[in-house]
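Q: Structure file upload13.txt (compact mmCIF, C-alpha atoms) right here:
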# COMPACT_ATOMS: atom_id res chain seq x y z
CA MET A 1 -113.11 -42.65 14.45
CA ASP A 2 -111.21 -44.83 12.09
CA GLN A 3 -110.47 -42.90 8.92
CA SER A 4 -108.49 -45.58 7.16
CA ASN A 5 -111.57 -46.63 5.27
CA ASP A 6 -112.44 -43.08 4.26
CA PRO A 7 -112.18 -42.98 0.42
CA VAL A 8 -110.76 -39.44 0.31
CA ILE A 9 -108.06 -40.14 2.84
CA LYS A 10 -107.27 -43.43 1.15
CA ALA A 11 -106.95 -41.71 -2.22
CA MET A 12 -104.62 -39.12 -0.79
CA HIS A 13 -102.58 -41.81 0.87
CA ASP A 14 -102.31 -43.80 -2.36
CA SER A 15 -101.19 -40.73 -4.31
CA ASN A 16 -98.27 -40.20 -1.92
CA MET A 17 -97.12 -43.79 -2.12
CA PRO A 18 -94.77 -44.95 -4.94
CA PRO A 19 -96.37 -47.14 -7.56
CA LYS A 20 -96.30 -50.81 -6.81
CA PRO A 21 -94.28 -53.00 -9.07
CA PRO A 22 -96.30 -55.30 -11.26
CA SER A 23 -97.05 -58.55 -9.66
CA PRO A 24 -95.09 -61.49 -10.97
CA PRO A 25 -96.92 -63.62 -13.43
CA GLY A 26 -98.66 -66.58 -12.14
CA PRO A 27 -97.83 -70.16 -12.85
CA ALA A 28 -100.03 -70.16 -15.89
CA MET A 29 -98.00 -67.36 -17.58
CA MET A 30 -94.52 -68.85 -16.92
CA SER A 31 -94.35 -70.92 -20.05
CA GLY A 32 -90.80 -69.68 -20.99
CA PRO A 33 -87.59 -69.37 -18.95
CA ALA A 34 -87.77 -67.50 -15.75
CA PRO A 35 -86.66 -63.82 -16.00
CA LYS A 36 -83.31 -62.89 -14.47
CA PRO A 37 -83.29 -60.64 -11.47
CA PRO A 38 -82.25 -57.02 -12.19
CA ILE A 39 -78.49 -56.35 -11.95
CA GLU A 40 -77.69 -53.77 -9.41
CA ALA A 41 -75.16 -51.14 -10.55
CA THR A 42 -71.93 -51.29 -8.57
CA PRO A 43 -70.42 -47.93 -7.67
CA MET A 44 -67.29 -47.01 -9.69
CA PRO A 45 -64.12 -46.24 -7.74
CA GLU A 46 -63.38 -42.61 -7.33
CA GLN A 47 -60.94 -41.40 -10.00
CA LYS A 48 -58.72 -38.41 -9.65
CA VAL A 49 -59.02 -35.89 -12.39
CA LYS A 50 -55.63 -35.31 -14.04
CA VAL A 51 -54.88 -31.70 -14.74
CA PRO A 52 -53.14 -31.34 -18.11
CA HIS A 53 -49.61 -29.92 -18.04
CA MET A 54 -49.52 -26.24 -18.75
CA GLU A 55 -46.49 -24.63 -20.38
CA MET A 56 -46.31 -21.04 -21.50
CA GLY A 57 -50.06 -20.62 -21.34
CA LYS A 58 -50.99 -23.59 -23.57
CA GLU A 59 -51.92 -27.17 -22.91
CA THR A 60 -49.24 -29.77 -23.64
CA LYS A 61 -49.34 -33.52 -23.54
CA PRO A 62 -47.05 -35.17 -21.00
CA SER A 63 -44.00 -36.80 -22.55
CA ARG A 64 -43.02 -40.32 -21.80
CA MET A 65 -39.56 -41.44 -20.74
CA PRO A 66 -38.07 -44.72 -21.98
CA GLY A 67 -39.86 -47.67 -20.44
CA GLY A 68 -43.22 -45.93 -20.51
CA ALA A 69 -42.63 -43.55 -17.59
CA VAL A 70 -43.85 -40.02 -18.01
CA GLY A 71 -41.00 -37.42 -17.80
CA SER A 72 -40.87 -33.63 -17.85
CA PRO A 73 -39.44 -31.93 -21.00
CA VAL A 74 -37.50 -29.61 -18.72
CA LEU A 75 -35.78 -32.63 -17.13
CA TRP A 76 -34.80 -33.93 -20.57
CA LEU A 77 -33.51 -30.49 -21.52
CA VAL A 78 -31.40 -30.32 -18.35
CA ILE A 79 -29.98 -33.80 -19.01
CA VAL A 80 -29.10 -32.91 -22.61
CA LEU A 81 -27.49 -29.63 -21.54
CA LEU A 82 -25.45 -31.43 -18.88
CA LEU A 83 -24.24 -33.98 -21.44
CA VAL A 84 -23.35 -31.23 -23.91
CA ASN A 85 -21.49 -29.31 -21.20
CA VAL A 86 -19.55 -32.40 -20.08
CA ILE A 87 -18.61 -33.32 -23.66
CA GLY A 88 -17.70 -29.73 -24.44
CA PHE A 89 -15.62 -29.47 -21.28
CA PHE A 90 -13.57 -32.55 -22.13
CA ALA A 91 -13.20 -31.41 -25.74
CA VAL A 92 -11.99 -27.98 -24.66
CA TYR A 93 -9.75 -29.53 -21.99
CA ASN A 94 -8.15 -31.88 -24.51
CA ALA A 95 -7.73 -29.06 -27.00
CA VAL A 96 -6.21 -26.76 -24.39
CA SER A 97 -3.98 -29.56 -23.13
CA GLY A 98 -2.80 -30.24 -26.67
CA LEU A 99 -2.21 -26.56 -27.29
CA SER A 100 -0.41 -26.25 -23.97
CA GLU A 101 1.84 -29.21 -24.75
CA GLY A 102 2.48 -27.90 -28.24
CA THR A 103 3.19 -24.45 -26.86
CA GLU A 104 5.58 -25.88 -24.27
CA LYS A 105 7.40 -27.84 -26.97
CA ARG A 106 7.58 -24.80 -29.23
CA ASN A 107 8.76 -22.67 -26.32
CA ALA A 108 11.40 -25.25 -25.48
CA VAL A 109 12.59 -25.36 -29.09
CA LEU A 110 12.47 -21.59 -29.34
CA GLY A 111 14.28 -21.28 -26.01
CA GLY A 112 16.97 -23.64 -27.26
CA LYS A 113 17.32 -21.63 -30.45
CA LEU A 114 17.47 -18.40 -28.47
CA ASP A 115 20.09 -19.89 -26.16
CA GLY A 116 22.09 -21.00 -29.18
CA MET A 117 21.77 -17.58 -30.78
CA SER A 118 22.71 -15.93 -27.49
CA ALA A 119 25.80 -18.14 -27.25
CA LYS A 120 26.72 -17.29 -30.84
CA LEU A 121 26.20 -13.61 -30.13
CA ASP A 122 28.41 -13.89 -27.07
CA VAL A 123 31.12 -15.53 -29.16
CA LEU A 124 30.71 -12.87 -31.84
CA VAL A 125 30.86 -10.09 -29.27
CA GLN A 126 33.96 -11.62 -27.75
CA LYS A 127 35.50 -11.93 -31.22
CA ILE A 128 34.60 -8.33 -32.01
CA GLN A 129 35.98 -7.26 -28.66
CA SER A 130 39.12 -9.28 -29.32
CA ASP A 131 39.41 -7.79 -32.81
CA GLU A 132 38.82 -4.35 -31.38
CA ASP A 133 41.51 -4.92 -28.78
CA ARG A 134 43.82 -6.18 -31.50
CA ILE A 135 43.05 -3.16 -33.67
CA ASN A 136 43.60 -0.85 -30.74
CA ARG A 137 46.94 -2.52 -30.10
CA MET A 138 47.85 -2.13 -33.75
CA ARG A 139 46.87 1.52 -33.68
CA GLN A 140 48.85 2.03 -30.53
CA ASN A 141 51.80 0.25 -32.13
CA LEU A 142 51.58 2.51 -35.18
CA PHE A 143 51.40 5.57 -32.99
CA ASP A 144 54.35 4.39 -30.92
CA ALA A 145 56.35 3.50 -34.06
CA GLY A 146 55.63 6.93 -35.48
CA GLY A 147 56.80 8.51 -32.30
CA THR A 148 59.96 6.41 -32.35
CA LEU A 149 60.67 7.38 -35.96
CA GLN A 150 60.17 11.03 -35.12
CA GLU A 151 62.58 10.73 -32.22
CA LYS A 152 65.20 9.01 -34.39
CA GLY A 153 64.66 11.47 -37.20
CA ASP A 154 65.01 14.35 -34.80
CA ALA A 155 68.21 12.83 -33.45
CA LEU A 156 69.61 12.31 -36.98
CA MET A 157 68.77 15.87 -37.90
CA LYS A 158 70.60 17.16 -34.84
CA GLU A 159 73.57 14.92 -35.61
CA GLY A 160 73.64 16.12 -39.21
CA GLU A 161 73.47 19.75 -38.15
CA GLN A 162 76.34 19.13 -35.76
CA LYS A 163 78.50 17.55 -38.50
CA ILE A 164 77.70 20.41 -40.83
CA ALA A 165 78.81 22.85 -38.16
CA GLU A 166 82.05 20.90 -37.54
CA GLY A 167 82.83 20.73 -41.26
CA GLU A 168 82.35 24.46 -41.66
CA LYS A 169 84.66 25.11 -38.70
CA MET A 170 87.31 22.74 -40.13
CA LYS A 171 87.17 24.50 -43.48
CA ASN A 172 87.45 27.88 -41.80
CA ASP A 173 90.46 26.74 -39.74
CA ALA A 174 92.25 25.11 -42.71
CA ASN A 175 94.29 28.25 -43.59
CA GLY A 176 94.52 27.12 -47.16
CA ASP A 177 95.28 23.51 -46.25
CA GLN A 178 93.43 21.58 -48.91
CA THR A 179 93.40 18.40 -46.84
CA LYS A 180 91.61 20.15 -43.97
CA ILE A 181 89.28 21.84 -46.41
CA ASP A 182 88.34 18.48 -48.00
CA ALA A 183 87.86 16.86 -44.58
CA GLY A 184 85.62 19.71 -43.48
CA GLN A 185 83.60 19.40 -46.67
CA ALA A 186 83.17 15.67 -46.10
CA LEU A 187 81.84 16.35 -42.61
CA MET A 188 79.41 18.88 -43.99
CA ASP A 189 78.19 16.40 -46.64
CA GLU A 190 77.72 13.69 -44.01
CA GLY A 191 75.80 16.13 -41.85
CA GLN A 192 73.52 16.99 -44.78
CA ARG A 193 72.86 13.31 -45.42
CA LEU A 194 72.04 12.62 -41.76
CA LYS A 195 69.82 15.68 -41.59
CA ALA A 196 67.88 14.54 -44.70
CA GLU A 197 67.42 11.05 -43.28
CA GLY A 198 66.25 12.55 -40.00
CA GLU A 199 63.70 14.73 -41.79
CA ALA A 200 62.42 11.71 -43.71
CA MET A 201 62.09 9.67 -40.54
CA LEU A 202 60.35 12.56 -38.81
CA THR A 203 57.82 12.82 -41.64
CA GLU A 204 57.24 9.05 -41.68
CA GLY A 205 56.70 9.03 -37.94
CA LYS A 206 54.06 11.76 -38.23
CA ASN A 207 52.32 9.81 -40.99
CA LEU A 208 52.21 6.65 -38.86
CA GLN A 209 50.68 8.54 -35.97
CA THR A 210 48.08 10.00 -38.31
CA GLN A 211 47.20 6.52 -39.65
CA SER A 212 46.80 5.17 -36.12
CA GLY A 213 43.87 7.51 -35.54
CA ILE A 214 45.19 8.46 -32.16
CA PRO A 215 45.58 12.18 -31.57
CA ALA A 216 49.23 13.27 -31.68
CA ASN A 217 48.88 15.23 -28.44
CA LYS A 218 47.92 12.09 -26.47
Before anything else, please render the file you have as structure tokens.
A:
Amino acid sequence: MDQSNDPVIKAMHDSNMPPKPPSPPGPAMMSGPAPKPPIEATPMPEQKVKVPHMEMGKETKPSRMPGGAVGSPVLWLVIVLLLVNVIGFFAVYNAVSGLSEGTEKRNAVLGGKLDGMSAKLDVLVQKIQSDEDRINRMRQNLFDAGGTLQEKGDALMKEGEQKIAEGEKMKNDANGDQTKIDAGQALMDEGQRLKAEGEAMLTEGKNLQTQSGIPANK
């Protein structure tokens, strides 16, 4: 049995179908310009969602490098630190080089002064040593001269004592002869004079040895 003409089935069928678009107007209604056909929407290209930069838990806008390129702040910080380190290195190097050159020059000047002072000290030490040797020779000469005077004084004293003894003997053997008595007395006087000179020389010799600073028992 054909049910397509059944009103109930037809109503159910019409309710499931989408509504029909209105029919275009007829020739009698197209007094104005013809309507444009509907513009179909073109699909937009798929765009990637950009995730904002995150730094220390907060959202930051990306920086832009010269020329419009986007650069990381960390990269800029690294570049700046590298430049600062390079400039600081050369500054410190130049300063150290200058200090080193100045120190070398000062050391050279100081070394020259020290060498000059050392040479002067050597000359002074040699002069002092020479003076000391000369003083020692003078002291030794004084000591020796004192010893010589003592020897001569001792010899004169012995000679004087001998003359005194001879004069006494001549006077004793004179037997009243005045000539022999006078000759004996002259010998005794000469002996006294020689003995006095010997004592004086002996004393002077001891004084010279004392002035020399050298012990007498040397």
Q: Any idea what's packed within 7 Å of Leu156 in chain A, counting all atoms listed in the file, ignoring anything in its chain fewer than 6 positions away? Could you give it as a ChimeraX atom specification?
A: /A:194-195,197-198
Q: Taking into account all atoms listed in the file, which residue in the set A:Glu151, A:Asp144, A:Glu166, A:Asp182 is nearest to Glu199 in chain A?
A: A:Glu151
Q: Please measure the separation of CA of Gly176 in chain A and CA of Arg193 in chain A, giving the value in Å to one decimal.
A: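 Interatomic distance here is 25.7 Å.
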Q: Could you name the residues that touch Leu142 in chain A at 8 Å or less, counting all atoms listed in the file, but leaving out those on the same chain fewer than 4 positions away, as a ChimeraX atom specification?
A: /A:138,146,208-209,211-212
Q: Could you work out how far CA of Ile164 in chain A lies from CA of Asp189 in chain A, giving the answer in Å with one decimal?
A: 7.1 Å
Q: When you draw a straight line from CA of Gln140 in chain A to CA of Asp154 in chain A, how long is it in Å?
A: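 If I compute the distance from CA of Gln140 in chain A to CA of Asp154 in chain A, I get 20.8 Å.
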Q: Of the candidates A:Gly111, A:Pro73, A:Gly191, A:Gly205, which shows the shortest atom-to-atom distance to Glu159 in chain A, using all atoms listed in the file?
A: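 Comparing A:Gly111, A:Pro73, A:Gly191, A:Gly205 against Glu159 in chain A, the winner is A:Gly191.
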